[in-house]
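Inspection log for the structure reproduced underneath, given as structure tokens.
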Amino acid sequence: MSPRQNHFSPSTQEHLLHRLHAIQHDCLHISRESVQQVAQEFDLPVAQVAAVVAFHSFFHTQPRGRFDILFSNCTSCGYLSGEKNLLQLLCLQLHVTPGETRADGLVSIDETSCIGLCDQGPSLLINGLPITHLDDNKVVQLAQLIALETALPDWPSHWFDIHHTIHRQDWLLNGSPLPREIMLKALDIGRNNTLAMLLQSGLRGRGGAGFATSSKWQLCREAPGNARYVVCNADEGEPGTFKDRMLLTSYAENLFAGMALCAFVIGAKQGFVYLRAEYRYLLDSLQKTLQNCRHQGLLGNRILGHTDFDFDITIVVGAGAYICGEESALIESLEGKPGIPRIRPPFPVTHGYLGQPTVVNNVETFIAAAHIVYYGSETFRTIGTASSTGTKILSISGDCTFPGIYEYPFGISFQQILHDCGAQNVQAVQIGGPAGTLLSPAEFERTLAFDDVSSGGSLLIFGPHRDLLSVHRNFARFFAHESCGFCTPCRVGTPLIQKELDAIAEGRGSAYTIEELQQLGHLVQQQSHCGLGHTAANHVLDGLRKFPQVFSQHLLPHFTARFDLDQALASARHITQRDDPEAHLSND
Amino acid sequence: MTMTTDTIRIDDRDIPFTPGQTIMDAALAAGIYIPHLCHHPGLPPSGNCRLCMVKIGNRSTAACITTATAGQQIRSDTPELNATRKTITQMLFVEGNHICPSCEKTGNCKLQAMAYHFGMLDDHFPQFYPRRELDASHPDILLDRSRCILCDLCVRASRDVDKKNIFTTAGRGTQAHLIVNTPSGKLVDSPIAKTDLAANICPVGAILIKEKGYEVPIGRRIYDWQTIRETGLQEQVELKNKD
């Protein structure tokens with residue numbers, strides 16, 4: 001049975017997500033007619049195409065503006081991370097309602113989950129291109145350019161510059177083996193020795209979960225199947241993570257070499273890089289690098305002259321869905337379906353892309369694997385701790401003097417990290433993004449390690465003046481927005497957590513609300529279908545335990561109604577056109 | 001009692017299973033009820049409602065999608081798990097617009113029956129009051145998304161039994177909703193028939209057969225006579241006979 005591959009166009013070989021992106025780009029929306037047309041082109045059910053459109057934040061069924069602006073709402077690169085509400089400011093300047101397209105179709109302004117520009121100040125995407133270091137001055141200039149309908153190429157070009165600031169380099173970032181040399185080494189020592197080298201290195205997946213890379217590759221190689229696949233998860237969506245942006249810019253060749261190594265070991269012919277839509281602007285350079293690798297004989301048929309080694313890589317760009325960073329959701333998305341996590345087991349390593357054995361690793365893991373094969377496992381093994389070997393690249397942002405990229409050996413204490421990045425009087429640190437661990441100062445001696453505090457790469461710093469409750473509300477909103485909606489606890493529980501936190505912040509919380517949050521948090525954590533749900537309440541549960549005063553200081557001494565009685569009557573007043581004292585109710 | 005190699009233990013009972021069988025199917029076959037809404041014997045499991053969450057050691061897992069393996073020690077009918085299930089039932093109530101007193105499905109509704117089963121006396125959570133589209137285009141079948149609990153049963157019934165692939169779910173989070181696989185998105189343009197399993201499997205009042213209302217009076221409906229525990233165990237037998 002040959003697996004169905006109709007997520008690629010039979011005529012153009014274009015991926016479904018790319019076809020839909022092209023329509024969104026050209027027509028500013030994807031109409032019902034377009035959905036039908038694409039379904040015909042790809043020989044897919046019309047409802048499947050419609051479901052894919054509905055699933056992704058970057059696809060729209062109603063037209064967006066010719067200038068389509070998405071402000072990040074992350075705590076580090078978001079529109080509220082500075083002193084002013086920049087989204088509101090731009091909306092006022094251009095007379096736009098957030099989330100709606102202006103009547104003349106010129107502009108639409110909305111917000112989106114973290115766009116991975118956390119070391120660049122408040123940032124936005126305009127028609128997919130990033131503008132960083134926003135302030136009110138720049139926002140006003142931006143509004144003028146839009147009002148004058150100045151084409152983006154005529155905007156100040158330095159606005160679009162992104163400078164990757166690497167503050168600390170170590171084993172991985174210092175290494176610069178040529179991809180050709182890496183491949184020659186692997187071909188020289190052979191499949192088994194390559195795998196053995198990874199085993200000896202102790203390399204574990206850098207995504208955060210820390211599954212042994214050599215075991216994953218070996219399980220995949222041993223699993224029965226008609227074909228095997230290598231997938232690079234470049235969908236880094238944890239708010240606060242941006243290290244893959246740098247790696248994909250500066251280390252792409254070695255990423256592709258790492259994927260080719262994996263293909264060599266497991267016997268795959270096809271690989272995919274699943275790139276998050278927020279990084280679409282990296283696509284051109286990645287394609288050039290791929291082409292370059294093909295010219296050097298590092299990809300394609302008979303790699304470096306080996307008759308039984310054919311492997312190539314296709315880049316598939318997502319369309320705005322955090323959940324697609326979950327490996328089985330990512331594979332669903334690759335297959336042209338909504339990114340709903342699969343039932344596991346079976347795991348992708350035996351039943352992945354098209355039901356075939358598939359290795360899914362993240363960007364940093366593949367590069368580390370490539371460097372280990374070139375440099376040998378000994379040095380790597382001696383760095384870090386016994387169970388967390390090697391180094392970890394961190395994206396550090398928030399309240400510190402030197403935000404940016406830091407590579408540390410595992411086992412480093414957070415105290416040291418905070419010292420290095422110039423963070424003082426730190427109130428709290430969020431490790432591994434909102435799904436990770438919230439640390440209080442009492443825990444800063446803890447270390448970065450799989451068996452202590454693990455991180456996929458995000459480290460958010462909250463200084464003495466941060467309102468931690470607003471941070472929790474931000475995180476809660478993020479999960480409610482990104483929940484795929486498949487299972488009840490996460491679909492309903494995440495917005496309920498958000499509502500409870502809002503109630504506390506709005507002065508309508510009591511001790512009962514805290515109790516509710518605890519119970520909801522545990523329910524979402526324990527009963528959800530996938531990793532998103534399992535981790536969505538971590539921040540609240542951590543917060544309630546470690547920073548109880550953040551919540552309790554807003555509480556009322558007695559039970560309070562969840563809703564504002566007077567406000568609840570607002571629509572009735574509007575309908576009856578009344579605003580006299582009799583039409584108001586006191587909450588007391 | 002000692003465990004034999006080909007049984008699993010659910011609460012205090014050792015029950016047999018066949019290789020590949022899920023905990024849910026093994027339990028139902030042995031006459032053990034594990035609460036469920038999105039599961040229907042004979043259809044592939046989905047695991048979305050999470051009412052069948054059980055504990056194996058410290059791990060929570062959905063019984064309908066977890067394969068039985070010899071020696072599993074499973075806890076299901078415990079006060080903690082039933083409290084969780086009641087909360088999940090409340091969640092399903094508040095996220096939709098459930099108009100029980102005026103719903104044609106009242107008394108025959110599994111969501112309502114689940115609420116009875118757990119002694120649910122209130123919604124507990126604030127109502128979401130979502131705006132969801134109603135599709136009355138079809139002459140025989142009404143689709144009211146307000147009452148949909150996204151259990152996916154109609155999706156699977158249509159795809160795997162009726163072979164018509166009429167429904168799918170779309171949208172993320174609380175925006176998740178049922179869509180119809182037609183260019184117009186309307187039910188009238190689909191080949192659905194009122195005799196299809198997909199038109200009849202809805203556990204709630206989201207998919208209703210038109211032009212017959214209250215044929216069985218309130219007070220003599222399914223869950224006026226039986227509990228969902230009893231009907232849940234019978235479904236197994238029914239489908240086996242059908243197969």
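Ordered as shown in the structure tokens, chains take letters A, B, and onward, while each chain numbers its residues from 1 and ligands are numbered from 1 in the order shown.
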Residues of chain A within 7 Å of chain B, only C-alpha atoms counted, as a list of chain:residue names =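 Going by the stated atoms only, the list reads A:Gln36, A:Pro45, A:Val46, A:Ala47, A:Ala51, A:Ala54, A:Phe55, A:Ala480, A:His481, A:Glu482, A:Ser483, A:Cys484, A:Gly485, A:Phe486, A:Cys487, A:Thr488, A:Pro489, A:Arg491, A:Val492, A:Gln526, A:Gln527.
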Filtering to C-alpha atoms, could you give me those residues as a CSV table (one decimal), in the first residue's frame?
```
chain,number,residue,atom,x,y,z
A,36,GLN,CA,-13.1,24.4,-2.8
A,45,PRO,CA,-12.2,16.6,1.2
A,46,VAL,CA,-13.3,20.2,1.2
A,47,ALA,CA,-13.9,20.0,4.9
A,51,ALA,CA,-10.4,22.6,8.8
A,54,ALA,CA,-9.6,27.3,10.5
A,55,PHE,CA,-6.9,25.8,12.6
A,480,ALA,CA,-6.4,29.3,25.9
A,481,HIS,CA,-5.6,30.7,22.5
A,482,GLU,CA,-3.2,27.9,21.5
A,483,SER,CA,-5.2,24.9,22.8
A,484,CYS,CA,-6.1,22.8,19.8
A,485,GLY,CA,-9.6,22.2,21.2
A,486,PHE,CA,-9.5,18.4,21.0
A,487,CYS,CA,-10.0,17.4,24.6
A,488,THR,CA,-12.4,18.8,27.2
A,489,PRO,CA,-10.0,19.5,30.1
A,491,ARG,CA,-10.3,23.2,25.6
A,492,VAL,CA,-12.5,24.3,28.5
A,526,GLN,CA,-3.6,15.4,34.7
A,527,GLN,CA,-6.5,14.8,32.4
```
key: Every residue of segment 6-226 of chain B that DSSP places in helix (DSSP H, G or I), as an NGL selection string   = :B and (23-29 or 63-65 or 79-95 or 100-102 or 110-117 or 145-147 or 153-161 or 173-175 or 187-189 or 197-200 or 222-225)
query = How many Å separate atom CA of Leu469 of chain A from atom CA of Leu544 of chain A?
reply =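 Separation of atom CA of Leu469 of chain A and atom CA of Leu544 of chain A: 10.4 Å.
Going from atom CA of Val188 of chain B to atom CA of Gly205 of chain B covers 18.4 Å.
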Set the distance at 6 Å and use only C-alpha atoms: which residues neighbour segment 446-462 of chain A once local chain neighbours fewer than 4 positions away are removed? I'd like the list as a PDB file with N, CA and C atoms, in the first residue's frame.
```pdb
ATOM      1  N   GLY A 207      14.848  19.658  22.919  1.00  0.00           N
ATOM      2  CA  GLY A 207      13.526  20.290  22.969  1.00  0.00           C
ATOM      3  C   GLY A 207      13.017  20.474  24.398  1.00  0.00           C
ATOM      4  N   GLY A 208      13.615  19.746  25.341  1.00  0.00           N
ATOM      5  CA  GLY A 208      13.189  19.892  26.730  1.00  0.00           C
ATOM      6  C   GLY A 208      12.874  18.558  27.382  1.00  0.00           C
ATOM      7  N   GLY A 240       9.395  33.346  24.438  1.00  0.00           N
ATOM      8  CA  GLY A 240      10.715  33.585  25.021  1.00  0.00           C
ATOM      9  C   GLY A 240      11.831  32.829  24.324  1.00  0.00           C
ATOM     10  N   THR A 241      11.511  31.971  23.376  1.00  0.00           N
ATOM     11  CA  THR A 241      12.565  31.221  22.677  1.00  0.00           C
ATOM     12  C   THR A 241      12.873  31.870  21.344  1.00  0.00           C
ATOM     13  N   SER A 388      23.214  14.902  31.981  1.00  0.00           N
ATOM     14  CA  SER A 388      22.913  15.956  31.003  1.00  0.00           C
ATOM     15  C   SER A 388      24.236  16.409  30.408  1.00  0.00           C
ATOM     16  N   LEU A 394      20.538  28.921  25.402  1.00  0.00           N
ATOM     17  CA  LEU A 394      19.392  29.584  26.024  1.00  0.00           C
ATOM     18  C   LEU A 394      19.072  30.895  25.315  1.00  0.00           C
ATOM     19  N   SER A 395      17.798  31.190  25.230  1.00  0.00           N
ATOM     20  CA  SER A 395      17.338  32.499  24.770  1.00  0.00           C
ATOM     21  C   SER A 395      16.945  33.258  26.031  1.00  0.00           C
ATOM     22  N   ILE A 396      17.683  34.294  26.347  1.00  0.00           N
ATOM     23  CA  ILE A 396      17.422  35.012  27.596  1.00  0.00           C
ATOM     24  C   ILE A 396      16.816  36.379  27.295  1.00  0.00           C
ATOM     25  N   SER A 397      15.706  36.660  27.949  1.00  0.00           N
ATOM     26  CA  SER A 397      15.063  37.952  27.715  1.00  0.00           C
ATOM     27  C   SER A 397      14.282  38.365  28.952  1.00  0.00           C
ATOM     28  N   GLY A 398      13.724  39.535  28.888  1.00  0.00           N
ATOM     29  CA  GLY A 398      12.996  40.070  30.030  1.00  0.00           C
ATOM     30  C   GLY A 398      13.808  41.157  30.708  1.00  0.00           C
ATOM     31  N   ASP A 399      13.703  41.204  32.015  1.00  0.00           N
ATOM     32  CA  ASP A 399      14.328  42.299  32.755  1.00  0.00           C
ATOM     33  C   ASP A 399      15.791  42.023  33.063  1.00  0.00           C
ATOM     34  N   PHE A 410      25.535  22.208  30.623  1.00  0.00           N
ATOM     35  CA  PHE A 410      24.504  21.783  31.559  1.00  0.00           C
ATOM     36  C   PHE A 410      25.095  21.752  32.962  1.00  0.00           C
ATOM     37  N   GLY A 411      24.272  22.018  33.948  1.00  0.00           N
ATOM     38  CA  GLY A 411      24.737  22.010  35.328  1.00  0.00           C
ATOM     39  C   GLY A 411      25.014  23.409  35.859  1.00  0.00           C
ATOM     40  N   ILE A 412      24.929  24.401  34.987  1.00  0.00           N
ATOM     41  CA  ILE A 412      25.142  25.790  35.416  1.00  0.00           C
ATOM     42  C   ILE A 412      23.984  26.214  36.326  1.00  0.00           C
ATOM     43  N   SER A 413      24.292  27.036  37.311  1.00  0.00           N
ATOM     44  CA  SER A 413      23.210  27.486  38.199  1.00  0.00           C
ATOM     45  C   SER A 413      22.532  28.722  37.607  1.00  0.00           C
ATOM     46  N   PHE A 414      21.278  28.882  37.936  1.00  0.00           N
ATOM     47  CA  PHE A 414      20.552  30.041  37.421  1.00  0.00           C
ATOM     48  C   PHE A 414      21.086  31.337  38.018  1.00  0.00           C
ATOM     49  N   GLN A 427      12.809  39.006  40.632  1.00  0.00           N
ATOM     50  CA  GLN A 427      11.666  38.543  41.411  1.00  0.00           C
ATOM     51  C   GLN A 427      11.378  37.069  41.111  1.00  0.00           C
ATOM     52  N   ALA A 428      11.452  36.722  39.832  1.00  0.00           N
ATOM     53  CA  ALA A 428      11.136  35.351  39.408  1.00  0.00           C
ATOM     54  C   ALA A 428      11.719  35.105  38.025  1.00  0.00           C
ATOM     55  N   VAL A 429      11.928  33.832  37.733  1.00  0.00           N
ATOM     56  CA  VAL A 429      12.407  33.446  36.406  1.00  0.00           C
ATOM     57  C   VAL A 429      11.524  32.320  35.887  1.00  0.00           C
ATOM     58  N   GLN A 430      11.134  32.416  34.650  1.00  0.00           N
ATOM     59  CA  GLN A 430      10.347  31.357  34.029  1.00  0.00           C
ATOM     60  C   GLN A 430      11.257  30.594  33.073  1.00  0.00           C
ATOM     61  N   ILE A 431      11.502  29.328  33.392  1.00  0.00           N
ATOM     62  CA  ILE A 431      12.418  28.505  32.594  1.00  0.00           C
ATOM     63  C   ILE A 431      11.619  27.606  31.653  1.00  0.00           C
ATOM     64  N   GLY A 432      11.976  27.617  30.385  1.00  0.00           N
ATOM     65  CA  GLY A 432      11.306  26.714  29.452  1.00  0.00           C
ATOM     66  C   GLY A 432       9.964  27.241  28.978  1.00  0.00           C
ATOM     67  N   GLY A 433       9.766  28.534  29.071  1.00  0.00           N
ATOM     68  CA  GLY A 433       8.523  29.130  28.583  1.00  0.00           C
ATOM     69  C   GLY A 433       7.376  28.915  29.549  1.00  0.00           C
ATOM     70  N   ARG A 466       7.939  43.933  38.017  1.00  0.00           N
ATOM     71  CA  ARG A 466       6.971  43.204  37.213  1.00  0.00           C
ATOM     72  C   ARG A 466       5.745  42.821  38.031  1.00  0.00           C
TER      73      ARG A 466
END
```
task = Mind giving me the straight-line distance from atom CA of Ser102 of chain B to atom CA of Gly493 of chain A in Å, one decimal?
result = 27.3 Å
task = From a DSSP calculation on the backbone, collect every residue of segment 57-149 of chain B in strand (DSSP E or B) and output the set as a VMD selection string.
result = chain B and resid 59 to 62 67 73 to 75 134 to 135 141 to 144
Mind writing the picked residues with C-alpha atoms as an mmCIF file, in the first residue's frame?
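After the write, part-v1.cif holds the following:
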```
data_model
loop_
_atom_site.group_PDB
_atom_site.id
_atom_site.type_symbol
_atom_site.label_atom_id
_atom_site.label_comp_id
_atom_site.auth_asym_id
_atom_site.auth_seq_id
_atom_site.Cartn_x
_atom_site.Cartn_y
_atom_site.Cartn_z
ATOM 1 C CA ARG B 59 -0.445 7.873 35.553
ATOM 2 C CA SER B 60 -3.791 9.177 34.316
ATOM 3 C CA THR B 61 -4.880 7.760 30.999
ATOM 4 C CA ALA B 62 -8.010 7.536 28.901
ATOM 5 C CA THR B 67 -4.306 -0.818 25.168
ATOM 6 C CA GLN B 73 -3.613 -2.327 37.975
ATOM 7 C CA ILE B 74 -6.301 0.139 37.056
ATOM 8 C CA ARG B 75 -8.359 2.344 39.315
ATOM 9 C CA LEU B 134 -27.215 26.634 13.456
ATOM 10 C CA ASP B 135 -27.758 24.687 10.240
ATOM 11 C CA ILE B 141 -31.867 16.804 9.904
ATOM 12 C CA LEU B 142 -31.074 19.759 12.152
ATOM 13 C CA LEU B 143 -27.538 20.652 13.179
ATOM 14 C CA ASP B 144 -27.427 22.913 16.225
#
```
task = Identify, on the basis of only C-alpha atoms, every residue whose closest approach to Ala113 of chain B does not exceed 8 Å; exclude the query and any residue fewer than 5 positions from it along the same chain; express the result as a VMD selection string.
result = chain B and resid 107 to 108 223 227 to 228
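Proximity to Cys64 of chain B was assessed for B:Leu121, B:Ala83, B:Met24, B:Ile99 counting only C-alpha atoms; the smallest distance is recorded for B:Met24.
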Which residues come within 9 Å of Cys91 of chain A, counting only C-alpha atoms, excluding same-chain residues fewer than 4 positions away, as a CSV table (one decimal) with N, CA, C and O atoms, in the first residue's frame?
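Dumped everything to selection-v3.csv:
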```
chain,number,residue,atom,x,y,z
A,86,LEU,N,1.5,49.7,22.6
A,86,LEU,CA,1.8,50.1,21.3
A,86,LEU,C,0.8,49.7,20.3
A,86,LEU,O,0.6,50.3,19.3
A,87,LEU,N,0.1,48.6,20.5
A,87,LEU,CA,-1.0,48.1,19.7
A,87,LEU,C,-2.1,49.1,19.7
A,87,LEU,O,-2.6,49.6,18.6
A,95,HIS,N,-7.0,54.6,13.1
A,95,HIS,CA,-8.4,54.4,13.3
A,95,HIS,C,-8.8,52.9,12.9
A,95,HIS,O,-9.7,52.7,12.1
A,96,VAL,N,-8.2,52.0,13.6
A,96,VAL,CA,-8.5,50.6,13.4
A,96,VAL,C,-8.9,50.0,14.7
A,96,VAL,O,-8.5,50.3,15.7
A,97,THR,N,-9.9,49.1,14.6
A,97,THR,CA,-10.3,48.3,15.7
A,97,THR,C,-9.4,47.0,15.7
A,97,THR,O,-9.4,46.3,14.7
A,98,PRO,N,-8.8,46.7,16.8
A,98,PRO,CA,-7.9,45.5,16.9
A,98,PRO,C,-8.7,44.3,16.4
A,98,PRO,O,-9.8,44.0,16.8
A,108,SER,N,-5.0,46.0,8.7
A,108,SER,CA,-5.5,45.3,9.8
A,108,SER,C,-4.5,45.1,10.9
A,108,SER,O,-3.3,45.0,10.6
A,109,ILE,N,-4.9,45.2,12.1
A,109,ILE,CA,-3.9,45.2,13.3
A,109,ILE,C,-4.5,44.2,14.3
A,109,ILE,O,-5.6,44.2,14.7
A,143,ALA,N,2.7,54.4,11.3
A,143,ALA,CA,1.4,54.8,10.9
A,143,ALA,C,1.3,55.7,9.7
A,143,ALA,O,0.5,55.6,8.8
```
task = Would you kindly return, as an MDAnalysis selection string, each protein, DNA or RNA residue with an atom no farther than 10 Å from any atom of segment 359-362 of chain A, considering only C-alpha atoms and excluding same-chain residues fewer than 2 positions away?
result = chainID A and resid 204:208 211 213 216:221 228:236 244 255 259 262:263 266 268 271:274 325:328 330:331 347:353 356:357 364:367 456
Residue selection dump (C-alpha atoms) as a PDB file, in the first residue's frame:
```pdb
ATOM      1  CA  ARG A 204      19.545  13.981  24.717  1.00  0.00           C
ATOM      2  CA  GLY A 205      16.896  15.854  22.759  1.00  0.00           C
ATOM      3  CA  ARG A 206      17.263  19.612  23.190  1.00  0.00           C
ATOM      4  CA  GLY A 207      13.526  20.290  22.969  1.00  0.00           C
ATOM      5  CA  GLY A 208      13.189  19.892  26.730  1.00  0.00           C
ATOM      6  CA  PHE A 211      14.848  11.610  25.159  1.00  0.00           C
ATOM      7  CA  THR A 213      18.903  10.861  20.646  1.00  0.00           C
ATOM      8  CA  LYS A 216      15.379   7.483  19.114  1.00  0.00           C
ATOM      9  CA  TRP A 217      17.414   6.928  15.979  1.00  0.00           C
ATOM     10  CA  GLN A 218      17.966   3.274  16.788  1.00  0.00           C
ATOM     11  CA  LEU A 219      14.297   2.616  17.543  1.00  0.00           C
ATOM     12  CA  CYS A 220      13.388   4.258  14.267  1.00  0.00           C
ATOM     13  CA  ARG A 221      15.958   2.233  12.350  1.00  0.00           C
ATOM     14  CA  ARG A 228      11.679   6.229   7.063  1.00  0.00           C
ATOM     15  CA  TYR A 229      11.624   9.963   7.540  1.00  0.00           C
ATOM     16  CA  VAL A 230      13.710  12.607   9.244  1.00  0.00           C
ATOM     17  CA  VAL A 231      11.839  15.623  10.553  1.00  0.00           C
ATOM     18  CA  CYS A 232      13.373  18.728  12.040  1.00  0.00           C
ATOM     19  CA  ASN A 233      11.089  20.518  14.440  1.00  0.00           C
ATOM     20  CA  ALA A 234      11.863  24.180  13.729  1.00  0.00           C
ATOM     21  CA  ASP A 235       8.537  25.293  15.146  1.00  0.00           C
ATOM     22  CA  GLU A 236      10.015  26.877  18.259  1.00  0.00           C
ATOM     23  CA  ASP A 244      16.532  28.562  16.603  1.00  0.00           C
ATOM     24  CA  LEU A 255      21.543  21.403  10.716  1.00  0.00           C
ATOM     25  CA  MET A 259      19.564  15.577   9.364  1.00  0.00           C
ATOM     26  CA  CYS A 262      20.230  10.796  10.815  1.00  0.00           C
ATOM     27  CA  ALA A 263      18.998   9.729   7.359  1.00  0.00           C
ATOM     28  CA  ILE A 266      18.135   5.156   9.918  1.00  0.00           C
ATOM     29  CA  ALA A 268      15.686   7.651   5.246  1.00  0.00           C
ATOM     30  CA  GLY A 271      13.502  14.785   5.337  1.00  0.00           C
ATOM     31  CA  PHE A 272      11.421  17.788   6.335  1.00  0.00           C
ATOM     32  CA  VAL A 273      12.142  20.976   8.165  1.00  0.00           C
ATOM     33  CA  TYR A 274       8.909  22.219   9.707  1.00  0.00           C
ATOM     34  CA  GLY A 325       5.596  22.089  17.988  1.00  0.00           C
ATOM     35  CA  GLU A 326       4.244  18.888  19.565  1.00  0.00           C
ATOM     36  CA  GLU A 327       5.801  16.199  17.399  1.00  0.00           C
ATOM     37  CA  SER A 328       2.674  14.249  16.494  1.00  0.00           C
ATOM     38  CA  LEU A 330       3.619  18.592  13.656  1.00  0.00           C
ATOM     39  CA  ILE A 331       3.362  15.379  11.645  1.00  0.00           C
ATOM     40  CA  PHE A 347       5.043   7.154  18.888  1.00  0.00           C
ATOM     41  CA  PRO A 348       6.361   8.800  15.720  1.00  0.00           C
ATOM     42  CA  VAL A 349       9.511   6.753  15.982  1.00  0.00           C
ATOM     43  CA  THR A 350       7.466   3.719  14.857  1.00  0.00           C
ATOM     44  CA  HIS A 351       4.352   5.386  13.361  1.00  0.00           C
ATOM     45  CA  GLY A 352       5.184   8.903  12.244  1.00  0.00           C
ATOM     46  CA  TYR A 353       4.871  10.673   8.924  1.00  0.00           C
ATOM     47  CA  GLN A 356       6.081   5.241   8.856  1.00  0.00           C
ATOM     48  CA  PRO A 357       9.001   5.284  11.320  1.00  0.00           C
ATOM     49  CA  GLU A 364      19.756  22.242  18.204  1.00  0.00           C
ATOM     50  CA  THR A 365      19.740  18.437  18.564  1.00  0.00           C
ATOM     51  CA  PHE A 366      20.556  17.836  14.894  1.00  0.00           C
ATOM     52  CA  ILE A 367      23.378  20.385  14.981  1.00  0.00           C
ATOM     53  CA  GLY A 456      13.806  23.939  25.590  1.00  0.00           C
TER      54      GLY A 456
END
```
